[in-house]
Structures are given as C-alpha cells and as structure tokens.
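Peer 1: Please find input39.cif (mmCIF, C-alpha atoms) on the next line:
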```cif
data_start
#
loop_
_atom_site.label_atom_id
_atom_site.label_comp_id
_atom_site.auth_asym_id
_atom_site.auth_seq_id
_atom_site.Cartn_x
_atom_site.Cartn_y
_atom_site.Cartn_z
CA MET A 1 8.33 77.36 40.76
CA SER A 2 9.37 75.03 43.58
CA ALA A 3 11.11 76.14 46.75
CA ILE A 4 14.39 74.69 45.45
CA ASP A 5 14.09 76.65 42.22
CA PHE A 6 13.42 79.78 44.22
CA ASP A 7 16.55 79.18 46.31
CA GLN A 8 18.53 78.77 43.11
CA LEU A 9 17.06 81.95 41.70
CA VAL A 10 18.11 83.82 44.85
CA ASP A 11 21.60 82.29 44.83
CA ARG A 12 22.14 83.25 41.24
CA HIS A 13 20.86 86.80 41.27
CA TYR A 14 20.86 88.34 44.72
CA GLN A 15 24.47 89.58 44.62
CA PRO A 16 24.25 91.44 41.27
CA LEU A 17 20.82 92.76 42.21
CA TYR A 18 22.23 94.06 45.49
CA ARG A 19 25.14 95.75 43.67
CA PHE A 20 22.74 97.40 41.24
CA ALA A 21 20.53 98.58 44.10
CA LEU A 22 23.56 99.84 46.03
CA SER A 23 24.70 101.91 43.06
CA LEU A 24 21.25 103.51 42.88
CA ALA A 25 20.29 103.93 46.52
CA LYS A 26 23.87 104.48 47.77
CA LYS A 27 23.06 102.97 51.17
CA ALA A 28 23.65 99.34 52.08
CA GLU A 29 20.48 99.12 54.16
CA GLU A 30 18.26 100.46 51.40
CA ALA A 31 19.97 98.28 48.80
CA ALA A 32 19.29 95.22 50.94
CA ASP A 33 15.65 96.26 51.37
CA LEU A 34 15.23 96.74 47.63
CA THR A 35 16.76 93.33 46.92
CA GLN A 36 14.56 91.62 49.48
CA GLN A 37 11.45 93.39 48.20
CA THR A 38 12.25 92.34 44.62
CA PHE A 39 12.39 88.66 45.55
CA PHE A 40 9.24 89.07 47.60
CA LEU A 41 7.51 90.43 44.51
CA TRP A 42 8.86 87.52 42.49
CA ALA A 43 7.38 85.11 45.01
CA SER A 44 4.08 86.99 44.80
CA LYS A 45 3.90 87.55 41.05
CA GLY A 46 6.85 85.87 39.36
CA HIS A 47 4.96 82.66 38.75
CA GLN A 48 2.96 84.60 36.16
CA LEU A 49 6.11 84.70 34.06
CA ARG A 50 5.92 81.84 31.58
CA ASP A 51 9.48 82.07 30.27
CA LEU A 52 11.83 81.51 33.19
CA SER A 53 14.79 82.47 31.04
CA LYS A 54 13.45 86.01 31.36
CA ALA A 55 13.64 85.91 35.15
CA LYS A 56 16.87 87.91 35.19
CA SER A 57 15.42 90.79 33.19
CA TRP A 58 12.25 90.65 35.27
CA LEU A 59 14.24 90.93 38.51
CA PHE A 60 16.37 93.85 37.32
CA THR A 61 13.35 95.64 35.85
CA THR A 62 11.44 95.17 39.10
CA ILE A 63 14.24 96.34 41.37
CA TYR A 64 14.72 99.40 39.19
CA ARG A 65 11.01 100.25 39.28
CA GLU A 66 10.92 99.69 43.03
CA TYR A 67 13.80 102.11 43.40
CA ILE A 68 12.04 104.67 41.20
CA SER A 69 8.77 104.38 43.09
CA THR A 70 10.16 104.09 46.60
CA TYR A 71 13.37 106.02 46.84
CA ARG A 72 13.28 108.49 44.06
CA HIS A 73 10.84 111.34 43.84
CA THR A 74 12.17 113.22 40.87
CA SER A 75 10.88 112.73 37.35
CA ARG A 76 12.12 109.89 35.20
CA PHE A 77 15.29 110.20 33.22
CA PRO A 78 15.16 112.79 30.49
CA HIS A 79 15.79 111.48 27.01
CA VAL A 80 19.36 112.01 25.87
CA GLU A 81 20.10 112.30 22.18
CA ILE A 82 22.93 110.31 20.69
CA ASP A 83 25.98 112.39 19.99
CA GLU A 84 29.66 111.91 19.61
CA VAL A 85 31.87 110.25 22.19
CA SER A 86 34.40 112.50 23.79
CA ASP A 87 37.89 112.10 22.40
CA ASN A 88 39.36 113.43 25.60
CA LEU A 89 38.78 110.53 27.94
CA PRO A 90 41.10 110.74 30.92
CA THR A 91 43.75 108.07 30.85
CA ILE A 92 43.47 105.54 33.63
CA PRO A 93 46.73 103.65 34.03
CA PRO A 94 46.11 99.93 34.78
CA SER A 95 47.99 100.33 38.05
CA VAL A 96 45.13 102.45 39.38
CA PHE A 97 43.04 99.34 39.77
CA ASN A 98 45.74 97.77 41.92
CA GLU A 99 45.48 100.68 44.31
CA ILE A 100 41.71 100.71 44.83
CA ASP A 101 39.19 98.15 45.94
CA GLY A 102 35.66 97.33 44.85
CA ASN A 103 34.05 99.67 47.37
CA THR A 104 36.09 102.57 46.03
CA VAL A 105 34.96 101.80 42.49
CA MET A 106 31.38 101.65 43.76
CA VAL A 107 31.79 105.03 45.46
CA ALA A 108 33.06 106.48 42.17
CA MET A 109 30.14 104.87 40.39
CA THR A 110 27.63 106.52 42.72
CA GLN A 111 29.06 109.89 41.74
CA VAL A 112 28.30 109.36 38.07
CA ASP A 113 25.09 111.13 37.03
CA GLU A 114 22.16 108.86 37.70
CA VAL A 115 21.03 108.97 34.09
CA TYR A 116 24.25 107.22 33.09
CA ARG A 117 24.76 105.20 36.27
CA ALA A 118 21.90 102.77 35.90
CA PRO A 119 22.89 101.47 32.43
CA LEU A 120 26.55 101.55 33.40
CA VAL A 121 26.14 99.31 36.43
CA LEU A 122 23.89 96.91 34.52
CA PHE A 123 26.60 96.74 31.85
CA TYR A 124 29.39 96.08 34.32
CA LEU A 125 27.48 93.40 36.13
CA ASP A 126 28.17 91.42 32.96
CA ASP A 127 24.73 90.00 33.21
CA LEU A 128 22.81 92.15 30.78
CA SER A 129 23.31 92.95 27.12
CA TYR A 130 22.57 96.42 25.76
CA LYS A 131 19.20 95.09 24.53
CA GLU A 132 18.32 93.79 28.00
CA ILE A 133 19.46 97.08 29.55
CA ALA A 134 17.13 98.91 27.15
CA ASP A 135 14.26 96.67 28.28
CA VAL A 136 15.02 97.15 31.99
CA LEU A 137 15.27 100.93 31.74
CA ASP A 138 12.55 101.21 29.10
CA VAL A 139 14.67 103.35 26.78
CA PRO A 140 15.71 102.91 23.13
CA ILE A 141 18.84 100.89 22.29
CA GLY A 142 20.57 103.95 20.87
CA THR A 143 20.02 105.78 24.13
CA VAL A 144 21.61 102.90 26.05
CA MET A 145 24.70 103.11 23.85
CA SER A 146 24.91 106.86 24.25
CA ARG A 147 24.53 106.67 28.01
CA LEU A 148 27.13 103.94 28.28
CA ALA A 149 29.65 105.99 26.33
CA ARG A 150 29.06 109.12 28.35
CA GLY A 151 28.81 107.20 31.60
CA LYS A 152 32.18 105.56 31.07
CA ALA A 153 33.76 108.97 30.46
CA GLN A 154 32.28 110.26 33.72
CA LEU A 155 33.35 107.15 35.59
CA ARG A 156 36.95 107.65 34.51
CA ASP A 157 36.86 111.19 35.88
CA ARG A 158 35.25 110.10 39.13
CA LEU A 159 37.70 107.24 39.58
CA LEU A 160 40.62 109.59 39.34
CA GLU A 161 39.00 111.95 41.85
CA VAL A 162 38.12 109.18 44.28
CA ARG A 163 41.52 107.61 43.92
CA ASN A 164 43.17 110.92 44.76
CA VAL A 165 40.98 111.29 47.83
CA SER A 166 41.46 107.68 48.93
CA ALA A 167 45.20 108.15 48.64
CA ARG A 168 44.83 110.63 51.49
CA LYS A 169 42.31 108.75 53.62
CA VAL A 170 40.54 105.45 53.91
CA VAL A 171 37.35 105.30 51.86
CA THR A 172 34.55 103.13 53.16
CA PHE A 173 31.35 102.63 51.29
CA ASP A 174 28.05 103.26 52.96
CA ALA A 175 26.05 106.02 54.51
CA GLY A 176 27.47 109.29 53.40
CA ALA A 177 30.52 107.79 51.79
CA ALA A 178 29.73 109.40 48.48
CA GLN A 179 29.39 112.77 50.14
CA GLN A 180 32.52 112.17 52.16
CA THR A 181 34.68 111.56 49.13
CA SER A 182 33.23 114.37 47.11
CA ALA A 183 33.63 116.91 49.91
CA MET B 1 32.93 106.80 11.33
CA ASN B 2 35.20 106.40 14.34
CA GLU B 3 32.84 108.28 16.59
CA GLU B 4 29.92 106.12 15.57
CA ALA B 5 32.04 102.97 15.99
CA LYS B 6 33.14 104.11 19.46
CA LEU B 7 29.55 104.75 20.45
CA ILE B 8 28.51 101.26 19.37
CA LEU B 9 31.56 99.58 20.88
CA SER B 10 30.87 101.26 24.20
CA ALA B 11 28.08 98.71 24.58
CA TYR B 12 30.31 95.76 23.64
CA ARG B 13 30.74 93.61 26.74
CA PRO B 14 34.34 92.69 27.57
CA ASN B 15 33.49 89.04 28.27
CA GLY B 16 32.92 88.30 24.57
CA GLU B 17 29.23 87.48 24.92
CA ASP B 18 28.41 89.99 22.19
CA ALA B 19 30.94 88.66 19.68
CA ALA B 20 28.23 87.07 17.54
CA ASP B 21 25.86 90.03 17.68
CA PRO B 22 25.65 91.49 14.14
CA ALA B 23 25.04 94.96 15.59
CA PHE B 24 28.76 95.09 16.46
CA ALA B 25 30.14 93.48 13.29
CA GLN B 26 30.75 96.66 11.32
CA ALA B 27 32.28 98.53 14.24
CA LEU B 28 34.57 95.59 15.07
CA ALA B 29 35.63 95.38 11.44
CA ALA B 30 36.44 99.09 11.51
CA ALA B 31 38.62 98.53 14.57
CA GLY B 32 40.44 95.79 12.65
CA ASN B 33 41.37 98.26 9.92
CA ASP B 34 42.11 101.30 12.06
CA PRO B 35 45.02 101.03 14.52
CA ALA B 36 43.89 104.10 16.48
CA LEU B 37 40.41 102.69 16.91
CA ALA B 38 41.86 99.29 17.79
CA GLU B 39 44.00 100.91 20.49
CA TRP B 40 40.98 102.80 21.81
CA LEU B 41 38.98 99.55 21.92
CA ALA B 42 41.78 97.68 23.73
CA ASP B 43 42.01 100.42 26.35
CA GLN B 44 38.24 100.50 26.71
CA GLN B 45 38.02 96.74 27.15
CA ALA B 46 40.82 96.69 29.71
CA PHE B 47 39.05 99.43 31.63
CA ASP B 48 35.72 97.59 31.40
CA ARG B 49 37.22 94.32 32.60
CA ALA B 50 38.89 96.03 35.54
CA VAL B 51 35.68 97.82 36.60
CA SER B 52 33.66 94.61 36.28
CA ARG B 53 36.20 92.74 38.37
CA LYS B 54 36.24 95.41 41.05
CA LEU B 55 32.46 95.72 41.25
CA ALA B 56 32.22 91.95 41.69
CA GLU B 57 34.24 92.41 44.90
CA VAL B 58 31.33 94.31 46.47
CA SER B 59 29.39 91.78 48.47
CA ALA B 60 25.90 91.87 49.84
CA PRO B 61 25.57 91.69 53.65
CA ASP B 62 26.15 88.19 55.01
CA THR B 63 22.59 87.90 56.24
CA LEU B 64 20.81 89.11 53.11
CA ARG B 65 20.37 85.70 51.47
CA GLU B 66 18.83 84.25 54.62
CA ARG B 67 16.63 87.34 55.04
CA ILE B 68 15.30 86.94 51.51
CA LEU B 69 14.54 83.24 51.87
CA ALA B 70 13.05 83.55 55.35
CA GLY B 71 10.98 86.59 54.43
CA VAL B 72 9.45 84.99 51.35
CA LYS B 73 8.69 81.72 53.12
CA LEU B 74 6.89 83.59 55.88
CA SER B 75 4.97 85.73 53.43
CA ARG B 76 4.00 82.86 51.13
CA PRO B 77 0.34 81.89 51.49
CA ARG B 78 0.08 78.69 53.49
CA ARG B 79 -1.53 75.83 51.62
CA TRP B 80 -3.66 74.95 54.55
CA TRP B 81 -6.34 73.27 52.46
CA ARG B 82 -3.87 70.47 51.82
CA LEU B 83 -3.53 69.68 55.51
CA PRO B 84 -6.40 67.53 56.83
CA GLN B 85 -5.65 68.36 60.46
CA LEU B 86 -6.16 72.01 59.66
CA TRP B 87 -9.50 71.19 58.04
CA LEU B 88 -10.51 69.72 61.38
CA ALA B 89 -9.21 72.74 63.23
CA ALA B 90 -11.05 75.06 60.85
CA ALA B 91 -14.28 73.14 61.39
CA ALA B 92 -13.79 73.37 65.17
CA VAL B 93 -13.17 77.13 64.94
CA ALA B 94 -16.26 77.58 62.80
CA LEU B 95 -18.34 75.63 65.32
CA LEU B 96 -16.95 77.62 68.23
CA ALA B 97 -17.58 80.86 66.36
CA MET B 98 -21.16 79.82 65.72
CA LEU B 99 -21.68 78.90 69.38
CA GLY B 100 -19.85 81.99 70.53
CA SER B 101 -22.11 84.21 68.48
CA PHE B 102 -24.94 83.32 70.85
CA VAL B 103 -22.92 84.37 73.85
CA ARG B 104 -20.73 87.23 72.67
CA SER B 105 -21.63 89.26 69.64
CA PRO B 106 -20.03 91.23 68.15
CA SER B 107 -16.38 90.44 69.11
CA LYS B 108 -14.87 93.25 71.10
CA TYR B 109 -11.58 93.42 72.86
CA GLU B 110 -10.09 95.09 75.87
CA ILE B 111 -7.60 97.73 74.85
CA ALA B 112 -4.77 96.05 76.79
CA GLU B 113 -5.43 92.82 74.91
CA TRP B 114 -5.41 94.64 71.58
CA GLN B 115 -2.22 96.52 72.44
CA LYS B 116 -0.46 93.33 73.49
CA HIS B 117 -1.37 91.64 70.23
CA ALA B 118 -0.42 94.65 68.08
CA LEU B 119 2.97 94.99 69.79
CA SER B 120 3.67 91.28 69.30
CA VAL B 121 3.23 91.80 65.55
CA LEU B 122 5.59 94.77 65.78
CA ASP B 123 8.15 92.57 67.53
CA GLU B 124 7.83 90.02 64.72
CA LEU B 125 8.35 92.76 62.17
CA GLU B 126 11.43 94.07 63.92
CA ASN B 127 12.86 90.56 64.22
CA GLY B 128 12.33 89.90 60.53
CA ARG B 129 9.76 87.16 61.08
CA THR B 130 7.24 89.09 59.05
CA GLY B 131 7.52 91.93 56.54
CA PHE B 132 5.78 94.99 55.21
CA ASP B 133 2.93 94.56 52.76
CA LYS B 134 3.84 97.86 51.16
CA ARG B 135 7.05 99.84 51.37
CA GLY B 136 7.18 103.57 50.88
CA ARG B 137 8.73 106.74 52.21
CA ASP B 138 5.64 108.90 52.08
CA SER B 139 2.85 108.47 54.62
CA SER B 140 0.15 109.72 52.24
CA GLN B 141 1.08 107.00 49.73
CA LEU B 142 0.80 104.36 52.44
CA VAL B 143 -2.56 105.71 53.57
CA ALA B 144 -3.80 105.60 49.98
CA TRP B 145 -2.61 102.02 49.63
CA LEU B 146 -4.31 100.97 52.87
CA ARG B 147 -7.54 102.39 51.53
CA THR B 148 -7.25 100.31 48.39
CA GLN B 149 -7.06 97.27 50.67
CA SER B 150 -10.17 98.35 52.59
CA ALA B 151 -7.95 98.40 55.68
CA PRO B 152 -8.28 100.91 58.53
CA ALA B 153 -6.42 103.97 57.29
CA PRO B 154 -5.72 107.02 59.47
CA THR B 155 -7.97 109.93 58.57
CA GLU B 156 -5.69 112.25 60.47
CA ILE B 157 -2.01 111.83 61.30
CA PRO B 158 -0.28 114.19 63.73
CA ALA B 159 1.53 116.77 61.62
CA LYS B 160 4.98 116.15 63.10
CA LEU B 161 4.53 112.46 62.50
CA SER B 162 3.21 112.69 58.96
CA ALA B 163 6.18 114.89 58.00
CA ARG B 164 8.53 112.01 58.77
CA THR B 165 9.79 109.50 56.25
CA THR B 166 8.04 106.16 56.42
CA TYR B 167 9.42 102.63 56.06
CA GLY B 168 6.23 100.90 55.01
CA CYS B 169 2.91 99.56 56.21
CA LYS B 170 1.14 96.34 56.95
CA THR B 171 -2.43 95.23 57.52
CA TRP B 172 -3.89 92.02 58.89
CA GLN B 173 -6.92 90.52 60.57
CA TRP B 174 -7.03 89.59 64.23
CA ASN B 175 -10.06 87.71 65.43
CA GLY B 176 -12.15 89.21 62.70
CA GLN B 177 -10.93 92.79 63.22
CA ARG B 178 -8.68 94.57 60.73
CA ILE B 179 -5.58 96.31 62.07
CA SER B 180 -3.16 98.51 60.12
CA LEU B 181 0.38 99.50 60.97
CA MET B 182 2.50 102.29 59.52
CA CYS B 183 6.17 102.65 60.49
CA PHE B 184 7.96 106.02 60.56
CA LYS B 185 11.64 106.89 60.88
CA ALA B 186 12.32 108.61 64.20
CA GLY B 187 14.97 108.67 66.90
CA GLU B 188 17.90 106.35 67.36
CA LYS B 189 16.10 103.07 67.96
CA GLY B 190 14.48 102.41 64.64
CA GLY B 191 11.33 104.48 64.58
CA VAL B 192 7.79 104.92 65.79
CA HIS B 193 4.83 102.87 64.73
CA LEU B 194 1.21 103.89 64.28
CA PHE B 195 -1.52 101.25 64.64
CA THR B 196 -5.05 101.92 63.47
CA THR B 197 -8.17 99.89 64.08
CA ASP B 198 -11.92 100.42 64.11
CA ARG B 199 -12.96 102.15 67.29
CA ALA B 200 -16.02 99.92 67.52
CA SER B 201 -13.87 96.81 67.89
CA LEU B 202 -12.69 97.85 71.37
CA THR B 203 -14.86 97.47 74.45
CA LYS B 204 -13.45 100.66 75.87
CA ALA B 205 -11.77 102.75 73.21
CA PRO B 206 -8.90 105.11 74.11
CA PRO B 207 -9.95 108.67 74.94
CA GLU B 208 -10.92 111.27 72.38
CA GLY B 209 -8.67 114.29 72.66
CA THR B 210 -5.98 113.74 75.29
CA PRO B 211 -3.95 110.61 74.53
CA ALA B 212 -3.40 107.97 77.21
CA PHE B 213 0.20 106.90 77.80
CA ASP B 214 1.32 103.48 78.86
CA ARG B 215 4.26 101.11 78.71
CA HIS B 216 4.46 97.46 77.61
CA GLY B 217 7.95 95.99 78.04
CA ASN B 218 10.32 98.02 75.88
CA TRP B 219 7.48 99.81 74.14
CA PHE B 220 6.13 103.18 75.19
CA VAL B 221 2.66 103.76 73.74
CA ALA B 222 0.19 106.60 73.33
CA SER B 223 -3.44 105.77 72.49
CA TRP B 224 -6.30 107.95 71.39
CA SER B 225 -9.47 107.84 69.33
CA LYS B 226 -10.71 110.08 66.59
CA ASP B 227 -13.93 109.69 64.66
CA ARG B 228 -14.40 105.99 63.86
CA HIS B 229 -10.78 104.96 64.47
CA SER B 230 -8.64 104.21 67.49
CA TYR B 231 -4.90 104.73 67.26
CA MET B 232 -1.82 103.58 69.11
CA LEU B 233 1.61 105.12 68.55
CA ALA B 234 4.49 102.96 69.83
CA GLY B 235 8.18 103.70 70.20
CA GLU B 236 11.15 102.62 72.28
CA GLU B 237 12.62 106.07 72.86
CA GLY B 238 10.30 107.00 75.69
CA GLU B 239 7.14 108.93 76.37
CA PRO B 240 8.62 112.43 75.69
CA MET B 241 9.24 111.57 72.04
CA LEU B 242 5.67 110.32 71.64
CA ARG B 243 4.33 113.48 73.26
CA GLU B 244 6.47 115.59 70.94
CA LEU B 245 5.24 113.77 67.84
CA ILE B 246 1.57 114.06 68.67
CA ALA B 247 1.70 117.49 70.34
CA GLN B 248 0.11 119.28 67.38
CA ARG B 249 -2.54 116.68 66.79
CA ARG B 250 -5.44 119.13 66.85
CA SER B 251 -3.99 121.24 64.07
CA SER B 252 -2.60 118.41 62.02
CA GLN B 253 -3.08 118.15 58.32
CA GLN B 254 -5.88 116.07 56.97
CA ILE B 255 -4.55 113.20 54.97
CA ALA B 256 -7.84 112.90 53.12
CA TRP B 257 -7.55 116.50 52.11
CA LEU B 258 -4.00 115.97 50.89
CA LEU B 259 -5.06 113.00 48.85
CA GLU B 260 -7.74 115.04 47.15
CA LEU B 261 -5.09 117.50 46.07
CA ARG B 262 -3.04 114.81 44.35
#
```
Kindly present the structure from the file in structure tokens form.

Peer 2:
Amino acid sequence: MSAIDFDQLVDRHYQPLYRFALSLAKKAEEAADLTQQTFFLWASKGHQLRDLSKAKSWLFTTIYREYISTYRHTSRFPHVEIDEVSDNLPTIPPSVFNEIDGNTVMVAMTQVDEVYRAPLVLFYLDDLSYKEIADVLDVPIGTVMSRLARGKAQLRDRLLEVRNVSARKVVTFDAGAAQQTSA
Amino acid sequence: MNEEAKLILSAYRPNGEDAADPAFAQALAAAGNDPALAEWLADQQAFDRAVSRKLAEVSAPDTLRERILAGVKLSRPRRWWRLPQLWLAAAAVALLAMLGSFVRSPSKYEIAEWQKHALSVLDELENGRTGFDKRGRDSSQLVAWLRTQSAPAPTEIPAKLSARTTYGCKTWQWNGQRISLMCFKAGEKGGVHLFTTDRASLTKAPPEGTPAFDRHGNWFVASWSKDRHSYMLAGEEGEPMLRELIAQRRSSQQIAWLLELR
C-alpha cells in the first residue's frame, strides 16, 4: 500500500475508530493511543491483507483486540443466549435529542454494560453490518442481534438518566465523566 | 413472532444498507402487516438515526490524524538499500568498524555518554518523534515481551515501581549495544522511565547497591547495577520521587519469579 493509500485509509477510518475506542476505554487519551496503535499495526502487518475491502473490519477487529489485551484485564464477554426483547422500552421523545449533544450521548453509551456496548457502538457508527460486527467481536450472529436489542434498551435508560443529570449541570466527556454523571 | 421480528430488526441499520439482506425480509414483511410492529420499527429507526447522528458529532482530537501519520512514517523501516549514498556510508562505517576493532575492542561507553543518549531517545518519545514498540499496562508483560526480543530485560524491578501501571516499552541498538526502556505512570509530569542495558557495555558501570543520583537538564536520574544489567531510572519530578520508588529495591519482587507463576 502506498503512502497516499495509507493517508486515505487514515482519513476514512480514524474518526469512527476513535469513537469506538472512546466508548470502550472511556478516556480520550487512551482512545487516541488505541487508534494510533491500530494504524501502526496496520502499517506493520496490514500489507499481509490481500483484500483491501476488508481493511475496515481488520481495523475494528484490531482496535478491539488491542483494547482487550491492553486496557481490560477481566475475562472475555460471557455468551448471552437469545431471548425476547423487552416490551417496556422507555419512551424517548424526539425532543430529547435536541437537548443533548454528542458527548452526552457518548457518556450515556459508556454506562451501558460493556457486553452490549461494543456491538452497539459498532452498529451506530453505521460502518458495520451485523455480520461484520459478529466477525469483529468473534461472536455468533444471533448473539449480536440479542446484544443489540438489549443494548438499545439499556441505552434508552441511560440517556434518560444522563439527560436528567445534564439538565442540572454541564456534562463534559472525558476523564471521570462517566462516574460524574452516574454519581 | 413479534418478539423474534423485533430481535432481528434491532440489527437493521437505519441508513437502509441492509434493505436487500434476505435475513431481514421476513421481519420487514411482518412489520408491513402489523401496525404495532410497524410503529415499533419506526420509533426504533428514529432513535437509531438520532443516536448515530449524535455520535458522529464526537470528534477525535485535532492532532490525532497528524500523530498517526507521523508516528507510522517514523516507525516504518527505511528502505536504505535503495539509496546509493547510504550504501557508501554503510561501507565507510564497516571499514571504520573493522579498523576500530584493532584499536578499541569491545565497544564500551562512559556512563555519562550512555545516559545522554538514552535521555535523548526519551525526549524523542515524549515529543512523539518515536513510539513504543509494545504498549501495555503491566510491567511483567512488558518484561516478558522484551525477553522474546532478546532485549535487556530487568531481572528485578523495585517493588514500588513494578506496582505502577506502565505505558509501554521500547528497545533499540546503539553502537552495537542493546538498550531497553520501560515507561511507568507516576507523578504529575508524565511518569518515570527505566532504562536497562548490559552492564558489560559500560566502561564504569553504576554502583551495585546504593544508586547514584544525577541530573541532566530536566531529567533527574538514579543509576545502579545488579547482576549483569545496569539500570537508569529517569523522571522530571525530582530526586525524592526516584528515591521513594527505589527505596525498597533490596526486598523487591523478582520478575522472573512472577513470570514462572504465570
């Protein structure tokens, strides 16, 4: 891959990769490190990838594994069986989204259980299909669907909580923001 | 049926990219025949679109793109064999090395010279002109990785230091001698940094036992030797912090022992 192609690869993917990393690591500095490390690994090993159309999945898979190996010391996600979707999803009036900004949504996202958060953010980045999410997280397709359904239900709850808190004070995303809003 | 359809449609992206995916066909058809399910889907899609839009507002730091590009370019192996002038330089170095071997063998360095070089690499690392070879938050993992690279790896790290979270490590060659660097989180100014090299590469190695303290510019350093390695711990916070971190050196845990337990 030429230097120009590499620049294009960075331009195309570094923002969504950073957002994914931020949702996992919860700190801007660590998210930036993870993103930089992922492109470094691409430069070191990515040329081994014959199908460049798979670069996106490779990058998301790599950043996720880097996060697991570097920042997370607990065991991998437990398998979650598919079950029914809750009928009691909290109602989020459309006006809520006029009152909150992207950072507030990200803060709410970081408060979703990690097992649901990773597929949820990949889904909302609009970059990955459920099949690609299954590949990145190395889980069955059915599990991705289950986690998305449950994750969205949790996100609705968290958004309402964060919105109520942010109505009382300014919410800024970064170190300790998640703890601040959940306190 | 509705519950199964909802589960499947939870994975249906709001931008329409999945419209042709047959996995969603049955669930979408069910929504077409069931007003309640159709309403649920409309609400879900509106929610999904709003969340996607809001998350897209979160931007990476302004400098991240440049950091990525600069870091990779610096780390990329230089294709020196394609540059004829470097062939000439390499030949000259080889000749000088051959001649030098008659005069000075093996290569040894004064500790001040070694410290100056090591700290210049640290400055490059802090300024983003070079990067870690391996990132990690656990010193024992970094030590294990250094060993896989046949790089000088600490056989003993002061207990208070090894308990700290690490940023990463790096190893390189300097005039034929391998040097390793491990960076730890500490204090307000970014951390403390442990260099390791072979004791035999220094003409006068730092003392065994009581560390020697010194200062080079902004860097406060403590140097000591143990077994076949010489160490230098560097930090900007001042000598007291270094003393605190290495105070329990004699009773520190053995990294090798820890690794055997893994």

Peer 1: List, as JSON, numbers by chain, every residue that the PyMOL selection byres ((chain B) within 10 of (chain A)) selects in the file provided.

Peer 2: {"B": [2, 3, 4, 5, 6, 7, 8, 9, 10, 11, 12, 13, 14, 15, 17, 18, 40, 43, 44, 46, 47, 48, 49, 50, 51, 52, 53, 54, 55, 56, 57, 58, 59, 60, 61, 63, 64, 65, 66, 67, 68, 69, 71, 72, 73, 75, 76, 77, 131, 132, 133, 134, 135, 136, 137, 138, 167, 168]}

Peer 1: If you measure from atom CA of A:Asp138 to atom CA of A:Ser23, what distance in Å do you get, rounded to one decimal?

Peer 2: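 Atom CA of A:Asp138 sits 18.5 Å away from atom CA of A:Ser23.
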
Peer 1: Atom CA of B:Gln141 and atom CA of B:Ala205, how far apart in Å?

Peer 2: 27.1 Å

Peer 1: Grab the atom CA of A:Leu59 to atom CA of A:Lys26 distance for me, in Å with one decimal place.

Peer 2: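 Between atom CA of A:Leu59 and atom CA of A:Lys26 the gap is 19.0 Å.
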
Peer 1: Assuming the chain letters and numbering stay as they are in my file, what does the PyMOL selection byres ((chain B and resi 110) around 8) actually select? List them as a PyMOL selection string.

Peer 2: chain B and resi 108-109+111-114+202-204

Peer 1: Translate the PyMOL selection byres ((chain B and resi 233-238) around 9), as applied to the file shown, into an explicit residue set as a list in words.

Peer 2: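 Taken on the displayed file, the PyMOL selection byres ((chain B and resi 233-238) around 9) yields the residues Leu119, Ala186, Gly187, Glu188, Lys189, Gly190, Gly191, Val192, His193, Leu194, Phe195, Thr196, Arg215, Asn218, Trp219, Phe220, Val221, Ala222, Ser223, Trp224, Tyr231, Met232, Glu239, Pro240, Met241, Leu242 and Ile246 of chain B.
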
Peer 1: Using all atoms listed in the file for the distances, tell me which of B:Gln26, B:Ser139, B:Gln45, B:Ser230 is nearest to B:Gln115.

Peer 2: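 Closest residue, counting all atoms listed in the file: B:Ser230.
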
Peer 1: Taking (7.8, 103.0, 59.0) in the file's coordinates as the center, which residues reach within 6 Å of it, counting all atoms listed in the file, put as number ranges by chain?

Peer 2: B: 166-168, 182-185
